[in-house]
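Asker: Pasting a structure below so you can have a look.
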Amino acid sequence: MRRERIGLVVITLLAAAGVLYWVQASRGGSTGPAPAGVVRGGRLIATHRSEPQSFNRYASANPAEELFARLTQATLVRLNRATGELEPRLAREWSSSPDGLTWTVKLREGVRFSDGLPFTSSDVLFTFQVLYDKRVASPLAGSAMVGDNPLTVRALDTQTVVIVFPAVYGPGLAILDSLPILPEHKLRRAFESGTFKQAWGVATPASEFAGLGPFTLQEYVPGQRVVYQSNPEFWRTDDQGRKLPYLDQIEVQIVPEQSAEMLRLEAGTVDVTTDQVRAEDLAGLQALQARGVVTLNEAGVATNPEMFWLNLNPSSALAKTRPWSQRLELRQAISHAVDRRRIVDTVYLGAAEPIFSTVTPGYGEWYVPDLPPIEFDQTRARALLASIGLADRNGDGKLDDERGETARFAIVTQKGHTIRERTCAIIQEQLQAVGLTVDVVALERTAFFSQVLGGTYEAAFFQLIFDSFDPASQFDFWASSKGFHIWHPSQAKPATEWEARIDDLMVKQSTTLDRAERRRLFAEAQRVLAANQPVITFAAAKVVVATSARVGGAMPSVLAPPVLWNAEMLWLVPAPAGASGK
Amino acid sequence: MNADLAAFIGRRLAAALLFVVVVSCAAFVLVRIAPGDATTDLYMQRGGTAAVEETRARLGLDRPMVSHLASWATGLLTFDLGQSSVYGRPVAGLVKERAGATAALASLALLLAAAIGLPLGVLTASRPAIAAAVAPISIALVACPPIIAVLALLLLAIETGWLSIAQGSYAVPTLALALPLAAMLERLQSRAMAEALASPDLVAAAARGVPRGRLLWVHAARQSLRPVLGIAGAVVGTLFSGSLAVEMVTSWPGLGRLLFDAVAGRDLFLAAGCALVGAVLVAVSNLLADVARALIDPRVREAA
């Protein structure tokens, strides 16, 4: 009898514990391990090198604001930065008209902003109104234009919007990837009064924000940190129906120096850093990975290779004083004279691949693997230089042009960027080996930009960062009329036949919905560019992303931000008793 | 206060004011004429021409430099330092909170440096065996720029775990600023003490049988104060410039890092505001040091 009573009590206690666990799990509670190894709760410590100027993504376009928007707000659709696929976010489903111009978008139902108010099509209309408003002059507006014309948006009902494109746009709704949906109820008044740009400044109290993202702003301490807490209203669940995000908090510490970020990661005081790992940090981190302190994840080949280019603007001082600098043979000679493998081995310490195009293997389907490789061949380089009249006319070992002046130019690059400075040193040395005299001028970042944008440079070495894999997002680099056609920007009409050809191909590929045809057209544009080499690439880094060993769920991307783009899926592995970072 | 001293302070105040005005205006002008401006980054991030033009107009970058400078200087009269383009906040508030962080760091470093350097200077002046051991270390530390000191301390912290490198920890930045300064104070104090001990009055005092401890720590230490006070202004300048590297590497949210961000982002008002506060700090510390020297030694105010 007594045994039976004890058994009954034990069974009752076990049943009660089971019920409590089930209640806790179904609430998405923040303690206790969830099934499949995911642990809820905890505070992830990240670093970021820049500080927000504003929390208004439509007023300011810096990486810190972009991170804020990714964490606290949501877009209609999202580019999965690991797979390159377009994912539904606030848009549940969509369809397009046969001509590809009109897209009907069904919004997710039952979604609420972090302050509890419902999200409707009215918020989408308001967002587009802000985006294209001339008073706001949003830095996001340019990326949401098709052929310099805005999209038009109207609502069919509270859960359906119709987006009309001014022309067929190849990537379709991917154009919406960077447009967070704003809460009309919070920002309409500022917009109407003409103070929208000042709204959501960095001094705004956290209670004034409302968003649809996985986190909400909890605290901003200038110069030190931005703290986010999980948004209880966040609408997304994981594959098993568990509420996201898994983390309770993310603390983003402001650490302006990459070396200082690495020290903190190595010491175990942070979990995630701003960027990919630099080549010089890799060996140390591999040792720490072996000790279980950090995890290194290979994300793929970088999509933003460093580029060398000569100023090909015919009205530049370089073109006027040294006409040989505009010749294709010079660019071909430079490409042959520089040993890409040496750059890979000495600058990137092996963590890179030699490349022959601006479109690296990191671009996936858009990469053209059969572009002809450019062999390291200094004999060929010398012959090419001789073919444009460069010869050693005074026996000093340096090439001279037909007027007897030393064949010389200066490369400007960014000071303090080790990859750029070291690569330029190799370029300088190897071009000297074929007789070209090269000066390397390292400038502070803003001074470098100023010189390049002003067109007062001779040659440059830098990288352009693209926010998407899709070539349509790179139109301002490929099209001769655009400002980022870096070797000769903003041309009134194409200066060369091959640039006209590229313009034509790029317009066609960005206004075609047939993906296979787009790939064919873009591959052709790459071939034309490779044949004329207005920019020369040497190596693309293999992107390695380091996190502390306690971070789970990371889906590293070659695009920025490499880990926090998918912050809602991150979780923390509890440290074993007695473990420490060092 | 006698008339000589009042006139001395008046002259020093006028010079300090001129120094502050020149330094802050120079910072404004230099950042304005430097290549690029506050919208360069926005353009490079594909912000678009409309956004760039709107920002240039809002920041006054489309105005002639003289009128831009004049409007900033007019604002100064009402303590309006303008709006930071990098941080999107009023410069006065930013500078106030960052100057506080730098002042806390610098004060702690100064106290630590004085607590180590001055007594050690007295000891090395009077005990050759200690001098032989300390002098090489001091010389090495004096020659060590703060950037090297902070990197070495970070390495030590990582390898041993003795010092915290967590954000907000004072250990590494304070030591990085304090150690070279302590070495400088030790060298200076040691030399000044040696001179004081060799002076006729102290030689006579020693001959009269004044106890060695009293001779060292009271009479000689007091005499050696004047040259040490003379570099007080320079010490504040050194701390301010040294804090730039230290704050960058340790992510300390102080004035040095703010000034770096301002110059890198071509933030005119913020750069000028930081320079103004830095100049005020240096000017005030120089002024206080001059007044202290003048109070101790009448020859100083007569010479001035």
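Naming works like this for the structure tokens: A, B, ... for the chains as they're shown, residue 1 at the start of each chain, ligands 1 onward in shown order.
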Show me, as a short mmCIF file (atom, residue, chain, number, x, y, z; two decimals) with C-alpha atoms, in the first residue's frame, the residues that have an atom within 8 Å of region 331-342 of chain A when counting only C-alpha atoms, minus same-chain residues fewer than 2 positions from it.
Answerer:
data_model
loop_
_atom_site.label_atom_id
_atom_site.label_comp_id
_atom_site.auth_asym_id
_atom_site.auth_seq_id
_atom_site.Cartn_x
_atom_site.Cartn_y
_atom_site.Cartn_z
CA ARG A 327 46.11 51.30 -75.17
CA LEU A 328 44.66 47.83 -74.70
CA GLU A 329 48.16 46.37 -75.11
CA VAL A 344 47.55 34.48 -53.65
CA ASP A 345 50.49 32.95 -51.79
CA THR A 346 52.12 36.02 -50.28
CA VAL A 347 49.32 38.51 -49.81
CA PRO A 354 43.63 33.53 -58.91
CA ILE A 355 40.91 35.20 -60.99
CA ILE A 374 45.81 35.02 -68.44
CA GLU A 375 49.17 33.36 -68.02
CA PHE A 376 51.98 34.92 -66.03
CA ASP A 377 54.31 35.66 -68.93
CA GLN A 378 56.66 38.60 -68.63
CA ARG A 380 54.76 38.36 -73.59
CA ALA A 381 54.26 41.49 -71.48
CA ARG A 382 57.51 43.02 -72.79
CA LEU A 384 53.12 43.91 -75.85
CA LEU A 385 54.79 47.00 -74.36
CA ILE A 426 53.86 43.24 -55.85
CA ILE A 427 52.31 44.96 -58.88
CA GLN A 430 56.58 43.00 -61.22
CA LEU A 431 55.85 45.90 -63.55
CA VAL A 434 59.19 44.46 -67.37
CA GLN A 533 40.41 44.49 -69.54
CA PRO A 534 39.46 47.98 -68.40
CA ILE A 536 42.24 43.82 -64.03
CA PHE A 538 44.30 39.19 -59.69
CA ALA A 539 42.86 37.25 -56.76
#
Asker: Write out as a PyMOL selection string each polymer residue whose atoms come within 12 Å of Asp201 (chain B), counting only C-alpha atoms; drop sequence neighbours fewer than 6 positions from it.
Answerer: chain B and resi 195+207-208+210+215+219-220+223
Asker: List every residue of chain A that has an atom at most 7 Å from any atom of chain B, giving for each one its closest atom pair and the distance in Å to one decimal, counting only C-alpha atoms, sorted by chain and then by ascending residue number, as a Markdown table.
Answerer:
| residue | atom | partner | partner_atom | distance |
| --- | --- | --- | --- | --- |
| A:Pro52 | CA | B:Tyr87 | CA | 6.7 |
| A:Gln53 | CA | B:Tyr87 | CA | 4.2 |
| A:Ser54 | CA | B:Gly88 | CA | 6.3 |
| A:Ala61 | CA | B:Gly47 | CA | 6.8 |
| A:Ala137 | CA | B:Ala51 | CA | 4.8 |
| A:Ser138 | CA | B:Ala51 | CA | 5.9 |
| A:Pro139 | CA | B:Gly47 | CA | 4.0 |
| A:Leu140 | CA | B:Gly47 | CA | 6.5 |
| A:Gly142 | CA | B:Gly48 | CA | 5.7 |
| A:Gly223 | CA | B:Pro253 | CA | 4.8 |
| A:Gln224 | CA | B:Pro253 | CA | 6.4 |
| A:Val255 | CA | B:Ser251 | CA | 5.2 |
| A:Pro256 | CA | B:Ser251 | CA | 6.5 |
| A:Glu257 | CA | B:Val249 | CA | 6.3 |
| A:Ala260 | CA | B:Val249 | CA | 5.9 |
| A:Ala267 | CA | B:Ile158 | CA | 6.1 |
| A:Thr269 | CA | B:Ala166 | CA | 6.6 |
| A:Thr446 | CA | B:Gly36 | CA | 5.6 |
| A:Ala447 | CA | B:Pro35 | CA | 4.8 |
| A:Phe449 | CA | B:Thr40 | CA | 6.9 |
| A:Ser450 | CA | B:Gly36 | CA | 4.6 |
Asker: For Val164 (chain A), list every protein, DNA or RNA residue within 10 Å, evaluated using only C-alpha atoms, and leave out those in the same chain fewer than 6 positions away; present the list as a ChimeraX atom specification.
Answerer: /A:96-97,100-104,150-154
Asker: Quick one: of A:Thr72, A:Gln286, A:Ser259, A:Thr158, who's nearest to Gln229 (chain A), counting only C-alpha atoms?
Answerer: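 Counting only C-alpha atoms, the residue closest to Gln229 (chain A) is A:Thr72.
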Asker: Could you pull out all residues of region 54-184 of chain B with a DSSP call of alpha helix (DSSP H) and give them as JSON, numbers by chain?
Answerer: {"B": [54, 55, 56, 57, 58, 59, 65, 66, 67, 68, 69, 70, 71, 72, 73, 74, 75, 76, 77, 91, 92, 93, 94, 95, 96, 97, 98, 99, 100, 101, 102, 103, 104, 105, 106, 107, 108, 109, 110, 111, 112, 113, 114, 115, 116, 117, 118, 119, 120, 121, 122, 123, 124, 125, 126, 128, 129, 130, 131, 132, 133, 134, 135, 136, 137, 138, 139, 140, 141, 142, 146, 147, 148, 149, 150, 151, 152, 153, 154, 155, 156, 157, 158, 159, 160, 171, 172, 173, 174, 175, 176, 177, 178, 179, 180, 181, 182, 183, 184]}
Asker: Nearest to Ala203 (chain A): which of B:Gly93, B:Leu188, B:Val122, B:Leu295 is it, counting only C-alpha atoms?
Answerer: B:Gly93
Asker: Find the residues near Ala70 (chain B): any atom within 12 Å, counting only C-alpha atoms, skip ones fewer than 4 places away on the same chain, and give them as an MDAnalysis selection string.
Answerer: chainID B and resid 25 28:29 60 63:66 74:77
Asker: For Val20 (chain B), which of B:Gly213, B:Gly242, B:Gly273, B:Pro119 is the closest residue, counting only C-alpha atoms?
Answerer: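 The shortest atom-to-atom distance to Val20 (chain B) comes from B:Gly273.
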Asker: Quick one, how far is CA of Ala234 (chain B) from CA of Gly278 (chain B)?
Answerer: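 That distance, rounded to one decimal, is 12.4 Å.
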Asker: Write out as a list in words all residues of region 290-381 of chain A that backbone DSSP assigns to strand (DSSP E or B).
Answerer: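 Restricting region 290-381 of chain A to strand (DSSP E or B) produces Val294, Thr295, Leu296, Asn297, Glu298, Ala299, Gly300, Val301, Glu306, Met307, Phe308, Trp309, Leu310, Ala352, Glu353 and Pro354 of chain A.
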Asker: Let's have the selection written as a JSON list (two decimals), in the first residue's frame, with C-alpha atoms.
Answerer:
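Here's the written file result_38.json:
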[["chain", "number", "residue", "atom", "x", "y", "z"],
["A", 294, "VAL", "CA", 36.32, 29.52, -32.26],
["A", 295, "THR", "CA", 34.57, 28.03, -35.27],
["A", 296, "LEU", "CA", 35.76, 28.87, -38.77],
["A", 297, "ASN", "CA", 33.17, 28.66, -41.54],
["A", 298, "GLU", "CA", 34.04, 28.86, -45.23],
["A", 299, "ALA", "CA", 31.40, 30.94, -46.97],
["A", 300, "GLY", "CA", 32.80, 30.74, -50.50],
["A", 301, "VAL", "CA", 34.83, 32.96, -52.78],
["A", 306, "GLU", "CA", 40.27, 44.00, -55.53],
["A", 307, "MET", "CA", 40.53, 45.68, -58.93],
["A", 308, "PHE", "CA", 43.29, 47.51, -60.74],
["A", 309, "TRP", "CA", 42.33, 50.05, -63.35],
["A", 310, "LEU", "CA", 43.87, 52.83, -65.34],
["A", 352, "ALA", "CA", 42.43, 33.06, -52.20],
["A", 353, "GLU", "CA", 42.02, 32.00, -55.81],
["A", 354, "PRO", "CA", 43.63, 33.53, -58.91]]
Asker: Please provide the set of residues having any atom within 10 Å of Ser126 (chain B), restricted to only C-alpha atoms, with same-chain residues fewer than 6 positions apart removed, written as a VMD selection string.
Answerer: chain B and resid 120 190 193 to 194 197 212 216
Asker: Which neighbours of Ala460 (chain A) fall inside 10 Å, counting only C-alpha atoms, when residues of the same chain fewer than 2 positions from it are skipped, and could you give them as a ChimeraX atom specification?
Answerer: /A:307-311,410-414,424,440-442,448,451-452,457-458,462-463,486-487,535
